[in-house]
>>> print(open('start07.txt').read())   # compact mmCIF, C-alpha atoms and all ligand atoms
# COMPACT_ATOMS: atom_id res chain seq x y z
CA MET V 32 0.00 0.00 0.00
CA LYS V 33 1.26 3.51 -0.77
CA SER V 34 1.90 5.92 2.06
CA VAL V 35 1.03 9.56 2.46
CA THR V 36 2.41 12.28 4.73
CA VAL V 37 0.29 15.35 5.38
CA LEU V 38 1.64 18.86 6.00
CA ALA V 39 -0.80 21.14 7.81
CA SER V 40 -0.47 24.39 9.75
CA GLY V 41 -3.80 24.74 11.54
CA ARG V 42 -7.27 23.32 11.95
CA GLY V 43 -6.63 20.25 9.83
CA SER V 44 -10.16 19.47 8.65
CA ASN V 45 -8.76 18.22 5.33
CA PHE V 46 -6.33 16.05 7.26
CA GLN V 47 -9.31 14.71 9.21
CA ALA V 48 -11.12 13.97 5.94
CA ILE V 49 -8.11 11.86 4.94
CA ILE V 50 -8.06 10.07 8.30
CA ASP V 51 -11.80 9.37 8.04
CA ALA V 52 -11.58 8.14 4.45
CA VAL V 53 -8.76 5.79 5.46
CA SER V 54 -10.76 4.46 8.38
CA THR V 55 -13.86 3.75 6.27
CA GLY V 56 -11.69 2.04 3.65
CA GLU V 57 -12.72 4.58 1.02
CA LEU V 58 -9.08 5.64 0.79
CA ARG V 59 -6.65 2.75 0.60
CA VAL V 60 -3.38 4.32 1.75
CA GLU V 61 -1.31 4.37 4.87
CA CYS V 62 -1.03 7.73 6.62
CA ALA V 63 2.69 7.84 7.46
CA GLY V 64 2.76 11.09 9.38
CA LEU V 65 1.69 14.64 10.03
CA ILE V 66 4.25 17.40 9.74
CA THR V 67 3.41 20.86 11.01
CA ASP V 68 5.24 24.17 11.25
CA ASN V 69 2.89 25.27 14.04
CA PRO V 70 3.13 23.70 17.51
CA GLU V 71 -0.40 24.99 18.27
CA ALA V 72 -2.03 23.40 15.22
CA TYR V 73 -5.25 21.55 16.01
CA ALA V 74 -4.19 19.04 13.36
CA ILE V 75 -1.77 17.66 15.99
CA GLU V 76 -4.71 16.54 18.20
CA ARG V 77 -6.29 14.87 15.22
CA ALA V 78 -3.08 12.97 14.46
CA ARG V 79 -2.68 11.84 18.04
CA ALA V 80 -6.28 10.63 18.20
CA ALA V 81 -5.66 8.59 15.05
CA ARG V 82 -2.24 7.37 16.28
CA ILE V 83 -0.42 9.01 13.38
CA PRO V 84 3.18 10.08 14.11
CA VAL V 85 3.61 13.85 14.41
CA SER V 86 6.66 15.87 13.55
CA ILE V 87 6.70 19.53 14.59
CA VAL V 88 9.15 21.63 12.62
CA ASP V 89 8.55 25.00 14.24
CA TYR V 90 9.48 27.74 11.79
CA HIS V 91 10.33 30.15 14.60
CA ARG V 92 12.98 27.89 16.06
CA TYR V 93 15.26 28.20 13.05
CA PRO V 94 17.57 31.15 12.33
CA GLY V 95 16.36 31.45 8.74
CA LYS V 96 14.35 29.98 5.91
CA GLY V 97 17.29 27.86 4.70
CA GLU V 98 17.71 26.08 8.03
CA TYR V 99 13.95 25.63 8.37
CA GLU V 100 13.66 24.11 4.92
CA LYS V 101 16.52 21.72 5.61
CA ALA V 102 14.78 20.49 8.76
CA LEU V 103 11.47 20.25 6.94
CA ARG V 104 13.02 18.23 4.15
CA GLU V 105 14.60 15.87 6.66
CA ALA V 106 11.25 15.43 8.43
CA MET V 107 9.59 14.69 5.08
CA GLU V 108 12.27 12.17 4.15
CA ALA V 109 12.04 10.52 7.55
CA THR V 110 8.43 9.50 6.88
CA ALA V 111 9.51 7.93 3.56
CA ALA V 112 6.11 8.62 2.02
CA ASP V 113 5.16 8.05 -1.59
CA LEU V 114 3.12 11.25 -1.59
CA TYR V 115 3.21 14.50 0.40
CA VAL V 116 -0.07 16.35 0.78
CA LEU V 117 -0.22 20.05 1.65
CA ALA V 118 -3.56 20.39 3.43
CA GLY V 119 -3.68 23.91 4.79
CA TYR V 120 0.10 24.19 5.01
CA MET V 121 0.46 27.95 5.14
CA ARG V 122 4.02 28.45 3.93
CA ILE V 123 5.44 28.46 0.45
CA LEU V 124 7.65 25.41 -0.07
CA GLY V 125 11.15 26.33 -1.18
CA THR V 126 12.32 25.27 -4.60
CA GLY V 127 14.86 22.90 -3.02
CA ILE V 128 12.06 20.84 -1.49
CA VAL V 129 9.87 20.97 -4.58
CA ARG V 130 12.77 19.73 -6.72
CA HIS V 131 13.65 17.05 -4.22
CA PHE V 132 10.21 15.40 -4.48
CA PRO V 133 9.33 15.88 -8.15
CA GLY V 134 5.68 15.06 -8.90
CA ARG V 135 5.19 13.80 -5.35
CA ILE V 136 3.70 16.85 -3.62
CA ILE V 137 0.09 17.96 -4.01
CA ASN V 138 -1.83 20.91 -2.56
CA ILE V 139 -5.45 21.83 -2.03
CA HIS V 140 -6.54 25.40 -2.69
CA PRO V 141 -10.00 26.86 -2.01
CA ALA V 142 -10.54 28.44 -5.44
CA LEU V 143 -10.85 27.48 -9.06
CA LEU V 144 -7.26 28.07 -10.11
CA PRO V 145 -5.80 29.92 -11.91
CA SER V 146 -8.31 32.39 -10.45
CA PHE V 147 -7.64 33.64 -6.95
CA PRO V 148 -4.32 32.11 -5.89
CA GLY V 149 -2.81 33.01 -2.53
CA LEU V 150 -4.48 33.91 0.73
CA HIS V 151 -8.21 34.57 1.30
CA ALA V 152 -9.19 32.99 -2.00
CA GLN V 153 -12.86 32.82 -0.99
CA SER V 154 -13.11 36.52 -0.21
CA GLN V 155 -11.18 37.30 -3.41
CA ALA V 156 -13.90 35.40 -5.32
CA ILE V 157 -16.71 37.29 -3.59
CA GLY V 158 -14.93 40.61 -3.97
CA TYR V 159 -14.44 40.01 -7.68
CA GLY V 160 -18.12 39.19 -8.11
CA ALA V 161 -17.57 35.63 -9.31
CA LYS V 162 -20.75 33.56 -9.59
CA VAL V 163 -18.99 30.24 -9.14
CA ALA V 164 -16.17 29.35 -6.80
CA GLY V 165 -14.68 26.04 -5.76
CA CYS V 166 -11.54 24.13 -4.96
CA THR V 167 -8.55 22.74 -6.79
CA VAL V 168 -6.18 19.89 -6.02
CA HIS V 169 -2.94 20.31 -7.96
CA PHE V 170 0.65 19.17 -8.12
CA VAL V 171 3.06 21.58 -6.49
CA ASN V 172 5.62 23.23 -8.71
CA GLU V 173 7.97 26.10 -8.07
CA GLU V 174 5.31 28.78 -8.40
CA MET V 175 2.61 29.33 -5.81
CA ASP V 176 -0.76 27.66 -6.56
CA ALA V 177 0.29 27.11 -10.16
CA GLY V 178 1.09 23.42 -10.68
CA PRO V 179 -0.78 20.99 -12.96
CA ILE V 180 -4.41 20.55 -11.90
CA ILE V 181 -5.65 17.13 -10.78
CA VAL V 182 -9.23 17.76 -9.64
CA GLN V 183 -11.53 20.77 -9.43
CA GLU V 184 -15.05 21.14 -8.11
CA CYS V 185 -17.26 24.17 -8.20
CA VAL V 186 -19.89 25.63 -5.92
CA ARG V 187 -22.27 28.48 -6.64
CA VAL V 188 -21.64 31.83 -4.98
CA LEU V 189 -24.91 32.86 -3.32
CA GLU V 190 -26.23 36.43 -3.12
CA ASP V 191 -25.79 36.63 0.62
CA ASP V 192 -22.52 34.69 0.91
CA THR V 193 -19.85 35.93 3.26
CA GLU V 194 -16.26 34.71 3.21
CA GLU V 195 -17.23 32.28 6.01
CA THR V 196 -20.36 30.79 4.43
CA LEU V 197 -18.67 30.35 1.07
CA ALA V 198 -15.55 28.87 2.68
CA GLU V 199 -17.73 26.37 4.53
CA ARG V 200 -19.46 25.14 1.36
CA ILE V 201 -16.15 24.94 -0.50
CA LEU V 202 -14.67 23.00 2.40
CA GLU V 203 -17.32 20.28 2.04
CA ARG V 204 -16.10 19.77 -1.53
CA GLU V 205 -12.46 19.89 -0.46
CA HIS V 206 -13.08 17.02 1.93
CA LYS V 207 -14.29 14.88 -0.97
CA CYS V 208 -11.82 16.01 -3.64
CA LEU V 209 -8.64 15.58 -1.66
CA PRO V 210 -9.06 11.87 -0.75
CA ARG V 211 -10.15 11.23 -4.33
CA ALA V 212 -7.02 12.86 -5.76
CA ILE V 213 -4.83 10.98 -3.29
CA GLN V 214 -6.37 7.67 -4.28
CA MET V 215 -5.84 8.40 -7.97
CA PHE V 216 -2.20 9.25 -7.32
CA CYS V 217 -1.68 6.12 -5.25
CA ASP V 218 -3.31 3.96 -7.91
CA GLY V 219 -0.81 5.33 -10.44
CA ARG V 220 -3.57 6.94 -12.48
CA LEU V 221 -2.08 10.43 -12.82
CA ARG V 222 0.28 11.28 -15.63
CA ILE V 223 1.68 14.79 -15.88
CA GLU V 224 1.98 15.96 -19.49
CA GLY V 225 3.18 19.55 -19.49
CA ARG V 226 0.48 21.55 -17.73
CA ARG V 227 -2.10 18.80 -18.04
CA VAL V 228 -2.69 15.89 -15.74
CA ARG V 229 -4.02 12.91 -17.65
CA ILE V 230 -6.19 10.63 -15.56
CA THR V 231 -5.90 7.07 -16.79
CA GLY V 232 -8.04 4.02 -16.11
CA SER V 233 -11.11 4.13 -13.89
CA GLY V 234 -11.52 4.21 -10.14
C1 LIG V 301 -8.46 24.87 3.23
O1 LIG V 301 -9.46 25.74 2.77
C2 LIG V 301 -7.44 24.59 2.16
O2 LIG V 301 -7.97 24.59 0.87
C3 LIG V 301 -6.49 25.75 2.30
O3 LIG V 301 -6.41 25.97 3.69
C4 LIG V 301 -7.60 25.51 4.32
C5 LIG V 301 -7.19 24.51 5.35
O4 LIG V 301 -8.26 24.05 6.13
N1 LIG V 301 -5.22 25.49 1.66
P1 LIG V 301 -8.06 22.82 7.10
O5 LIG V 301 -6.84 23.14 7.98
O6 LIG V 301 -7.83 21.60 6.27
O7 LIG V 301 -9.31 22.73 7.92
>>> encode(input="start07.txt", output="structure tokens")
Amino acid sequence: MKSVTVLASGRGSNFQAIIDAVSTGELRVECAGLITDNPEAYAIERARAARIPVSIVDYHRYPGKGEYEKALREAMEATAADLYVLAGYMRILGTGIVRHFPGRIINIHPALLPSFPGLHAQSQAIGYGAKVAGCTVHFVNEEMDAGPIIVQECVRVLEDDTEETLAERILEREHKCLPRAIQMFCDGRLRIEGRRVRITGSG
């Protein structure tokens, strides 16, 4: 069975969706570890409850980005995962790490990329006046929120949506999309061809 390590900085509801999908058998992978840059992350409680090893690489304990990234890379390597999943990991991964795990890191973003990359994607969508919003699971490359797209799902933006209500509806989709993308990766169904991700076979 393939193994997956999750990187998360906060609440960890996407991480929980992975844990739950593994426990129902919907997702057939082993969760090798949680890595977080934030010692206060609620994701840590979720990992402990599910008996998943936790590695805390606290950004503030390193003199600079270089040292932090070295420690992060070592923590990633230590879990020896087939796939690394950024699920609410709030830092930009350095190019050294991205190059070290080519085609083996994916991210979930709460917008229909390439629209609204970066922070507060849901309020960017509302502020722009978009009528549909959604989420994207994509491979991580050296640019932020710009790698080849694996899965996208859309939700309608309602007249009275706030950032919170829209984020909540998008999150429900995220919790479905992310385990699905992980399973496709682990089944060897994703082939990157330039900017496109070809999905082969059937699940
Ligand atoms: C999600 O909206 C995800 O798309 C974004 O950060 C948020 C993390 O939420 N990258 P959670 O920590 O998984 O609950």
>>> residues_near_ligand(input="start07.txt", ligand="ligand LIG 301 (chain V)", cutoff="8 Å", atoms="only C-alpha atoms and all ligand atoms", output="list of chain:residue names")
V:Ala39, V:Ser40, V:Gly41, V:Arg42, V:Gly43, V:Ser44, V:Asn45, V:Phe46, V:Gln47, V:Ala74, V:Leu117, V:Ala118, V:Gly119, V:Tyr120, V:Met121, V:Asn138, V:Ile139, V:His140, V:Pro141, V:Ala142, V:Cys166, V:Thr167, V:Ala198, V:Ile201, V:Leu202, V:Glu205
>>> residues_near_point(input="start07.txt", point="(8.1, 24.8, -9.9)", cutoff="8 Å", atoms="all atoms listed in the file", output="PyMOL selection string")
chain V and resi 126+129-130+171-174+178
>>> atom_distance(input="start07.txt", atom1="atom CA of Phe147 of chain V", atom2="atom CA of Leu221 of chain V")
24.6 Å
>>> atom_distance(input="start07.txt", atom1="atom CA of Arg187 of chain V", atom2="atom CA of Gly165 of chain V")
8.0 Å
>>> axis_aligned_box(input="start07.txt", around="segment 113-130 of chain V", padding_each_side="4 Å", output="AutoDock Vina command-line options")
--center_x 5.6 --center_y 18.3 --center_z -0.8 --size_x 26.5 --size_y 28.4 --size_z 19.9
>>> residues_near_point(input="start07.txt", point="(-9.9, 35.5, 1.1)", cutoff="12 Å", atoms="all atoms listed in the file", output="mmCIF file with C-alpha atoms, in the frame of the given file")
data_model
loop_
_atom_site.group_PDB
_atom_site.id
_atom_site.type_symbol
_atom_site.label_atom_id
_atom_site.label_comp_id
_atom_site.auth_asym_id
_atom_site.auth_seq_id
_atom_site.Cartn_x
_atom_site.Cartn_y
_atom_site.Cartn_z
ATOM 1 C CA HIS V 140 -6.540 25.400 -2.690
ATOM 2 C CA PRO V 141 -10.000 26.860 -2.010
ATOM 3 C CA ALA V 142 -10.540 28.440 -5.440
ATOM 4 C CA PHE V 147 -7.640 33.640 -6.950
ATOM 5 C CA PRO V 148 -4.320 32.110 -5.890
ATOM 6 C CA GLY V 149 -2.810 33.010 -2.530
ATOM 7 C CA LEU V 150 -4.480 33.910 0.730
ATOM 8 C CA HIS V 151 -8.210 34.570 1.300
ATOM 9 C CA ALA V 152 -9.190 32.990 -2.000
ATOM 10 C CA GLN V 153 -12.860 32.820 -0.990
ATOM 11 C CA SER V 154 -13.110 36.520 -0.210
ATOM 12 C CA GLN V 155 -11.180 37.300 -3.410
ATOM 13 C CA ALA V 156 -13.900 35.400 -5.320
ATOM 14 C CA ILE V 157 -16.710 37.290 -3.590
ATOM 15 C CA GLY V 158 -14.930 40.610 -3.970
ATOM 16 C CA TYR V 159 -14.440 40.010 -7.680
ATOM 17 C CA ALA V 164 -16.170 29.350 -6.800
ATOM 18 C CA THR V 193 -19.850 35.930 3.260
ATOM 19 C CA GLU V 194 -16.260 34.710 3.210
ATOM 20 C CA GLU V 195 -17.230 32.280 6.010
ATOM 21 C CA THR V 196 -20.360 30.790 4.430
ATOM 22 C CA LEU V 197 -18.670 30.350 1.070
ATOM 23 C CA ALA V 198 -15.550 28.870 2.680
#
>>> decode(input="start07.txt", residues="segment 108-126 of chain V", atoms="N, CA, C and O atoms", output="PDB file, in the first residue's frame")
ATOM      1  N   GLU V 108      11.558  13.405   4.523  1.00  0.00           N
ATOM      2  CA  GLU V 108      12.271  12.174   4.147  1.00  0.00           C
ATOM      3  C   GLU V 108      12.122  11.090   5.196  1.00  0.00           C
ATOM      4  O   GLU V 108      12.010   9.911   4.869  1.00  0.00           O
ATOM      5  N   ALA V 109      12.101  11.505   6.457  1.00  0.00           N
ATOM      6  CA  ALA V 109      12.042  10.523   7.552  1.00  0.00           C
ATOM      7  C   ALA V 109      10.760   9.691   7.492  1.00  0.00           C
ATOM      8  O   ALA V 109      10.739   8.553   7.948  1.00  0.00           O
ATOM      9  N   THR V 110       9.693  10.270   6.945  1.00  0.00           N
ATOM     10  CA  THR V 110       8.434   9.499   6.878  1.00  0.00           C
ATOM     11  C   THR V 110       8.415   8.583   5.654  1.00  0.00           C
ATOM     12  O   THR V 110       7.533   7.736   5.536  1.00  0.00           O
ATOM     13  N   ALA V 111       9.365   8.772   4.752  1.00  0.00           N
ATOM     14  CA  ALA V 111       9.508   7.931   3.558  1.00  0.00           C
ATOM     15  C   ALA V 111       8.179   7.708   2.839  1.00  0.00           C
ATOM     16  O   ALA V 111       7.835   6.579   2.471  1.00  0.00           O
ATOM     17  N   ALA V 112       7.422   8.772   2.655  1.00  0.00           N
ATOM     18  CA  ALA V 112       6.108   8.621   2.021  1.00  0.00           C
ATOM     19  C   ALA V 112       6.228   8.607   0.501  1.00  0.00           C
ATOM     20  O   ALA V 112       7.188   9.122  -0.068  1.00  0.00           O
ATOM     21  N   ASP V 113       5.235   8.004  -0.128  1.00  0.00           N
ATOM     22  CA  ASP V 113       5.163   8.051  -1.590  1.00  0.00           C
ATOM     23  C   ASP V 113       4.653   9.419  -2.046  1.00  0.00           C
ATOM     24  O   ASP V 113       5.027   9.906  -3.102  1.00  0.00           O
ATOM     25  N   LEU V 114       3.760   9.992  -1.217  1.00  0.00           N
ATOM     26  CA  LEU V 114       3.116  11.250  -1.591  1.00  0.00           C
ATOM     27  C   LEU V 114       3.070  12.185  -0.381  1.00  0.00           C
ATOM     28  O   LEU V 114       2.815  11.734   0.739  1.00  0.00           O
ATOM     29  N   TYR V 115       3.299  13.483  -0.644  1.00  0.00           N
ATOM     30  CA  TYR V 115       3.213  14.504   0.402  1.00  0.00           C
ATOM     31  C   TYR V 115       2.039  15.418   0.064  1.00  0.00           C
ATOM     32  O   TYR V 115       1.953  15.928  -1.063  1.00  0.00           O
ATOM     33  N   VAL V 116       1.155  15.599   1.033  1.00  0.00           N
ATOM     34  CA  VAL V 116      -0.072  16.353   0.784  1.00  0.00           C
ATOM     35  C   VAL V 116      -0.068  17.633   1.614  1.00  0.00           C
ATOM     36  O   VAL V 116      -0.018  17.574   2.847  1.00  0.00           O
ATOM     37  N   LEU V 117      -0.108  18.771   0.934  1.00  0.00           N
ATOM     38  CA  LEU V 117      -0.224  20.046   1.647  1.00  0.00           C
ATOM     39  C   LEU V 117      -1.710  20.302   1.854  1.00  0.00           C
ATOM     40  O   LEU V 117      -2.452  20.522   0.897  1.00  0.00           O
ATOM     41  N   ALA V 118      -2.135  20.223   3.114  1.00  0.00           N
ATOM     42  CA  ALA V 118      -3.560  20.388   3.426  1.00  0.00           C
ATOM     43  C   ALA V 118      -3.663  21.535   4.422  1.00  0.00           C
ATOM     44  O   ALA V 118      -3.671  21.326   5.630  1.00  0.00           O
ATOM     45  N   GLY V 119      -3.681  22.760   3.895  1.00  0.00           N
ATOM     46  CA  GLY V 119      -3.677  23.907   4.793  1.00  0.00           C
ATOM     47  C   GLY V 119      -2.303  24.137   5.381  1.00  0.00           C
ATOM     48  O   GLY V 119      -2.165  24.561   6.527  1.00  0.00           O
ATOM     49  N   TYR V 120      -1.273  23.855   4.600  1.00  0.00           N
ATOM     50  CA  TYR V 120       0.100  24.192   5.011  1.00  0.00           C
ATOM     51  C   TYR V 120       0.333  25.616   4.527  1.00  0.00           C
ATOM     52  O   TYR V 120       0.269  25.885   3.326  1.00  0.00           O
ATOM     53  N   MET V 121       0.557  26.538   5.467  1.00  0.00           N
ATOM     54  CA  MET V 121       0.462  27.954   5.141  1.00  0.00           C
ATOM     55  C   MET V 121       1.764  28.635   4.739  1.00  0.00           C
ATOM     56  O   MET V 121       1.844  29.856   4.713  1.00  0.00           O
ATOM     57  N   ARG V 122       2.776  27.840   4.402  1.00  0.00           N
ATOM     58  CA  ARG V 122       4.020  28.452   3.928  1.00  0.00           C
ATOM     59  C   ARG V 122       4.283  28.006   2.495  1.00  0.00           C
ATOM     60  O   ARG V 122       3.828  26.945   2.095  1.00  0.00           O
ATOM     61  N   ILE V 123       5.066  28.843   1.802  1.00  0.00           N
ATOM     62  CA  ILE V 123       5.437  28.464   0.445  1.00  0.00           C
ATOM     63  C   ILE V 123       6.625  27.525   0.534  1.00  0.00           C
ATOM     64  O   ILE V 123       7.609  27.832   1.207  1.00  0.00           O
ATOM     65  N   LEU V 124       6.526  26.374  -0.106  1.00  0.00           N
ATOM     66  CA  LEU V 124       7.646  25.414  -0.073  1.00  0.00           C
ATOM     67  C   LEU V 124       8.778  25.943  -0.942  1.00  0.00           C
ATOM     68  O   LEU V 124       8.555  26.381  -2.066  1.00  0.00           O
ATOM     69  N   GLY V 125       9.989  25.874  -0.415  1.00  0.00           N
ATOM     70  CA  GLY V 125      11.145  26.331  -1.178  1.00  0.00           C
ATOM     71  C   GLY V 125      11.395  25.452  -2.391  1.00  0.00           C
ATOM     72  O   GLY V 125      10.981  24.283  -2.425  1.00  0.00           O
ATOM     73  N   THR V 126      12.073  26.025  -3.372  1.00  0.00           N
ATOM     74  CA  THR V 126      12.317  25.269  -4.599  1.00  0.00           C
ATOM     75  C   THR V 126      13.143  24.017  -4.337  1.00  0.00           C
ATOM     76  O   THR V 126      12.960  23.007  -5.000  1.00  0.00           O
TER      77      THR V 126
END
